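> File entry-v8.txt below, compact mmCIF, C-alpha atoms:
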```txt
# COMPACT_ATOMS: atom_id res chain seq x y z
CA MET A 1 -94.13 42.82 93.75
CA LEU A 2 -90.49 43.93 93.90
CA ARG A 3 -88.88 43.58 97.33
CA THR A 4 -87.42 46.78 98.66
CA LYS A 5 -85.47 45.28 101.57
CA ASN A 6 -82.93 42.52 101.81
CA TYR A 7 -82.42 39.86 104.48
CA GLN A 8 -80.84 42.43 106.83
CA GLY A 9 -83.67 44.91 106.38
CA ARG A 10 -81.58 47.26 104.27
CA ASN A 11 -83.49 49.39 101.81
CA PHE A 12 -82.63 48.69 98.14
CA ASN A 13 -84.47 51.78 96.92
CA LYS A 14 -82.57 54.38 98.89
CA LYS A 15 -80.55 57.03 97.10
CA ARG A 16 -76.79 57.25 97.24
CA VAL A 17 -75.44 59.82 99.66
CA ALA A 18 -72.01 61.38 100.00
CA ASP A 19 -69.48 59.41 102.02
CA LYS A 20 -69.27 60.60 105.63
CA MET A 21 -65.57 59.69 105.78
CA SER A 22 -62.67 61.40 104.11
CA LYS A 23 -60.81 59.50 101.37
CA LYS A 24 -57.97 58.81 103.81
CA GLN A 25 -60.31 57.50 106.52
CA ARG A 26 -62.16 55.29 104.03
CA SER A 27 -58.89 53.95 102.61
CA ASN A 28 -57.62 53.16 106.10
CA LEU A 29 -60.85 51.36 106.98
CA MET A 30 -60.92 49.33 103.75
CA SER A 31 -57.26 48.31 104.15
CA LYS A 32 -58.17 46.50 107.37
CA ILE A 33 -60.59 44.13 105.65
CA ARG A 34 -58.92 40.74 105.41
CA SER A 35 -59.45 38.20 102.65
CA LYS A 36 -58.60 35.13 104.72
CA ASN A 37 -58.58 34.07 108.37
CA THR A 38 -61.64 36.19 109.07
CA ASN A 39 -63.81 35.57 112.12
CA LEU A 40 -66.52 34.19 109.85
CA GLU A 41 -64.09 31.67 108.33
CA SER A 42 -62.54 30.70 111.65
CA ASN A 43 -65.92 30.08 113.25
CA PHE A 44 -67.10 28.08 110.24
CA PHE A 45 -63.92 25.96 110.13
CA LYS A 46 -64.31 25.14 113.84
CA PHE A 47 -67.96 24.22 113.34
CA LEU A 48 -67.14 22.12 110.27
CA LYS A 49 -64.35 20.28 112.08
CA LYS A 50 -66.54 19.65 115.13
CA THR A 51 -69.59 18.44 113.21
CA THR A 52 -67.97 16.39 110.43
CA ARG A 53 -64.74 15.08 111.99
CA LEU A 54 -63.40 14.84 108.41
CA LYS A 55 -60.01 16.05 107.24
CA PHE A 56 -59.99 19.18 105.15
CA ILE A 57 -57.49 21.84 104.15
CA THR A 58 -58.16 25.58 104.43
CA ASN A 59 -57.05 28.54 102.29
CA VAL A 60 -55.38 26.48 99.57
CA THR A 61 -53.23 28.68 97.34
CA THR A 62 -52.10 25.93 94.96
CA ILE A 63 -55.55 25.35 93.47
CA THR A 64 -57.04 27.81 90.97
CA GLY A 65 -59.31 30.30 92.73
CA LYS A 66 -57.73 29.68 96.16
CA PRO A 67 -60.66 27.80 97.74
CA ASP A 68 -61.40 28.45 101.39
CA VAL A 69 -61.83 24.73 102.10
CA ILE A 70 -61.01 21.59 100.15
CA PHE A 71 -61.71 17.95 100.80
CA LEU A 72 -58.83 16.61 98.73
CA LYS A 73 -59.87 12.94 98.82
CA ASP A 74 -63.31 13.77 97.43
CA LYS A 75 -62.15 16.62 95.16
CA VAL A 76 -64.58 19.09 96.71
CA CYS A 77 -63.79 22.83 96.80
CA ILE A 78 -65.72 25.22 99.00
CA PHE A 79 -65.73 28.98 98.59
CA ILE A 80 -67.10 31.40 101.17
CA ASP A 81 -68.27 34.46 99.25
CA SER A 82 -68.66 37.78 101.01
CA ASP A 83 -72.05 39.36 100.37
CA PHE A 84 -70.43 42.69 99.44
CA TRP A 85 -67.20 41.73 97.65
CA HIS A 86 -68.80 38.97 95.58
CA GLY A 87 -72.00 40.92 94.95
CA TRP A 88 -74.94 39.09 96.48
CA GLN A 89 -77.98 40.58 94.70
CA TYR A 90 -75.57 43.09 93.17
CA PRO A 91 -77.89 44.36 90.41
CA ARG A 92 -80.29 45.56 93.11
CA TRP A 93 -77.79 47.76 94.95
CA LYS A 94 -75.05 48.65 92.47
CA HIS A 95 -76.57 52.12 91.99
CA LEU A 96 -75.61 52.90 95.60
CA LEU A 97 -71.89 52.53 94.95
CA LYS A 98 -69.98 55.77 95.02
CA ASP A 99 -67.93 55.38 91.86
CA ASP A 100 -66.99 53.08 88.99
CA PHE A 101 -64.00 51.67 90.86
CA TRP A 102 -66.23 49.64 93.21
CA ARG A 103 -68.63 48.62 90.45
CA LYS A 104 -65.73 47.30 88.35
CA LYS A 105 -64.18 45.59 91.37
CA ILE A 106 -67.35 43.68 92.24
CA GLU A 107 -68.22 42.92 88.61
CA ASN A 108 -64.71 41.53 88.05
CA ASN A 109 -65.01 39.42 91.20
CA ARG A 110 -68.30 37.98 89.95
CA LYS A 111 -66.82 37.20 86.51
CA ARG A 112 -63.76 35.60 88.09
CA ASP A 113 -65.98 33.48 90.37
CA LYS A 114 -67.83 32.10 87.34
CA LYS A 115 -64.59 31.38 85.46
CA VAL A 116 -62.98 29.67 88.44
CA THR A 117 -66.07 27.55 89.11
CA LYS A 118 -66.25 26.45 85.48
CA TYR A 119 -62.52 25.69 85.33
CA LEU A 120 -62.58 23.59 88.49
CA ARG A 121 -65.72 21.68 87.44
CA ASP A 122 -64.18 21.01 84.03
CA ASN A 123 -61.19 19.53 85.86
CA GLY A 124 -63.19 17.12 87.99
CA TRP A 125 -63.82 19.16 91.13
CA LYS A 126 -67.16 19.58 92.85
CA VAL A 127 -67.48 23.28 93.62
CA LEU A 128 -69.69 24.64 96.38
CA ARG A 129 -70.14 28.35 96.96
CA PHE A 130 -71.81 29.74 100.05
CA TRP A 131 -72.77 33.32 100.77
CA GLU A 132 -71.60 34.96 103.95
CA HIS A 133 -75.16 35.37 105.26
CA HIS A 134 -75.87 31.65 104.75
CA LEU A 135 -72.93 30.80 106.99
CA ARG A 136 -74.11 33.25 109.61
CA ASN A 137 -77.75 32.15 109.57
CA GLU A 138 -77.82 28.56 108.27
CA GLU A 139 -74.54 26.96 109.33
CA GLU A 140 -76.05 23.51 109.90
CA THR A 141 -77.77 23.53 106.49
CA VAL A 142 -74.48 24.48 104.83
CA VAL A 143 -72.67 21.58 106.52
CA LYS A 144 -75.43 19.18 105.42
CA LYS A 145 -74.96 20.32 101.81
CA ILE A 146 -71.21 19.80 102.12
CA LEU A 147 -71.64 16.29 103.54
CA LYS A 148 -74.10 15.43 100.80
CA SER A 149 -71.54 16.45 98.15
CA LEU A 150 -68.84 14.22 99.60
CA SER A 151 -68.73 10.78 98.03
CA ARG A 152 -68.07 8.91 101.27
```
Would you give me this structure, written as structure tokens?


Amino acid sequence: MLRTKNYQGRNFNKKRVADKMSKKQRSNLMSKIRSKNTNLESNFFKFLKKTTRLKFITNVTTITGKPDVIFLKDKVCIFIDSDFWHGWQYPRWKHLLKDDFWRKKIENNRKRDKKVTKYLRDNGWKVLRFWEHHLRNEEETVVKKILKSLSR
């Protein structure tokens, strides 16, 4: 049986409705969404530092894909993927997107994620990707997976 709701209880089968905001209001709102130093990242970095006591670097721009966290000694890259921007269960809700701009944006993000992961793995990195909702709901499990991937 096909699930109609996701982990947040949102209905996948609903129909798309017109945006309640004007283009200017929507643009203003979307411009405030940050790509780094979000509350989710900050809270996770604090938790990771507190529970592992290992040295790691955050928001590394010199490595392909700009990982959110790296353990340089172990060559482990960690990416925190937003449920919306990176398209968690995207095929189930893409019909709700207002126009092709957002579909292309998310599809390109997903393609880029696959390319970056492959490139880094081909160059000797262990790559871990975690969805936003996993960090919110299963932080301890995520840290256990990270520790398991480290070769220490």

> Record the distance separating CA of Ser42 in chain A and CA of Lys111 in chain A, expressed in Å with one decimal.

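Computed distance, CA of Ser42 in chain A to CA of Lys111 in chain A, equals 26.3 Å.
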
> Contacts of Phe84 in chain A at 8 Å or less, counting only C-alpha atoms, minus same-chain residues fewer than 3 places along, as a PyMOL selection string?

chain A and resi 87-88+106

> Box for range 111-126 of chain A - axis-aligned, 4 Å on each of the six sides, all listed atoms - centre and size in Å to one decimal, as AutoDock Vina command-line options.


```
--center_x -64.5 --center_y 27.2 --center_z 88.4 --size_x 14.6 --size_y 28.1 --size_z 16.8
```

> What does the distance between CA of Trp131 in chain A and CA of Trp85 in chain A come to in Å, to one decimal place?

10.6 Å

> Between A:Leu72, A:Arg110, A:Glu132, A:Phe79, which residue has the minimum interatomic distance to Pro91 in chain A, considering only C-alpha atoms?

A:Arg110

> What does the distance between CA of Glu107 in chain A and CA of Asp81 in chain A come to in Å, to one decimal place?

13.6 Å

> Take the point (-68.1, 17.9, 105.4) in the file's coordinates, draw a sphere of radius 12 Å around it, and report as a count of residues only every protein, DNA or RNA residue with an atom inside or on it, counting all atoms listed in the file.

39

> Tell me, as a PDB file with C-alpha atoms, keeping the file's coordinate frame, which residues lie within 12 Å of Lys115 in chain A, counting all atoms listed in the file; anything in the same chain fewer than 6 positions away does not count.


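Result file out.pdb:
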```
ATOM      1  CA  THR A  64     -57.040  27.810  90.970  1.00  0.00           C
ATOM      2  CA  GLY A  65     -59.310  30.300  92.730  1.00  0.00           C
ATOM      3  CA  ASN A 108     -64.710  41.530  88.050  1.00  0.00           C
ATOM      4  CA  ASN A 109     -65.010  39.420  91.200  1.00  0.00           C
ATOM      5  CA  ARG A 121     -65.720  21.680  87.440  1.00  0.00           C
ATOM      6  CA  ASP A 122     -64.180  21.010  84.030  1.00  0.00           C
ATOM      7  CA  VAL A 127     -67.480  23.280  93.620  1.00  0.00           C
TER       8      VAL A 127
END
```

> May I ask which of the residues A:Thr58, A:Asn39, A:Thr117, A:Asn123 is the closest one to Leu135 in chain A, counting only C-alpha atoms?

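Ranked by minimum distance to Leu135 in chain A, first place goes to A:Asn39.
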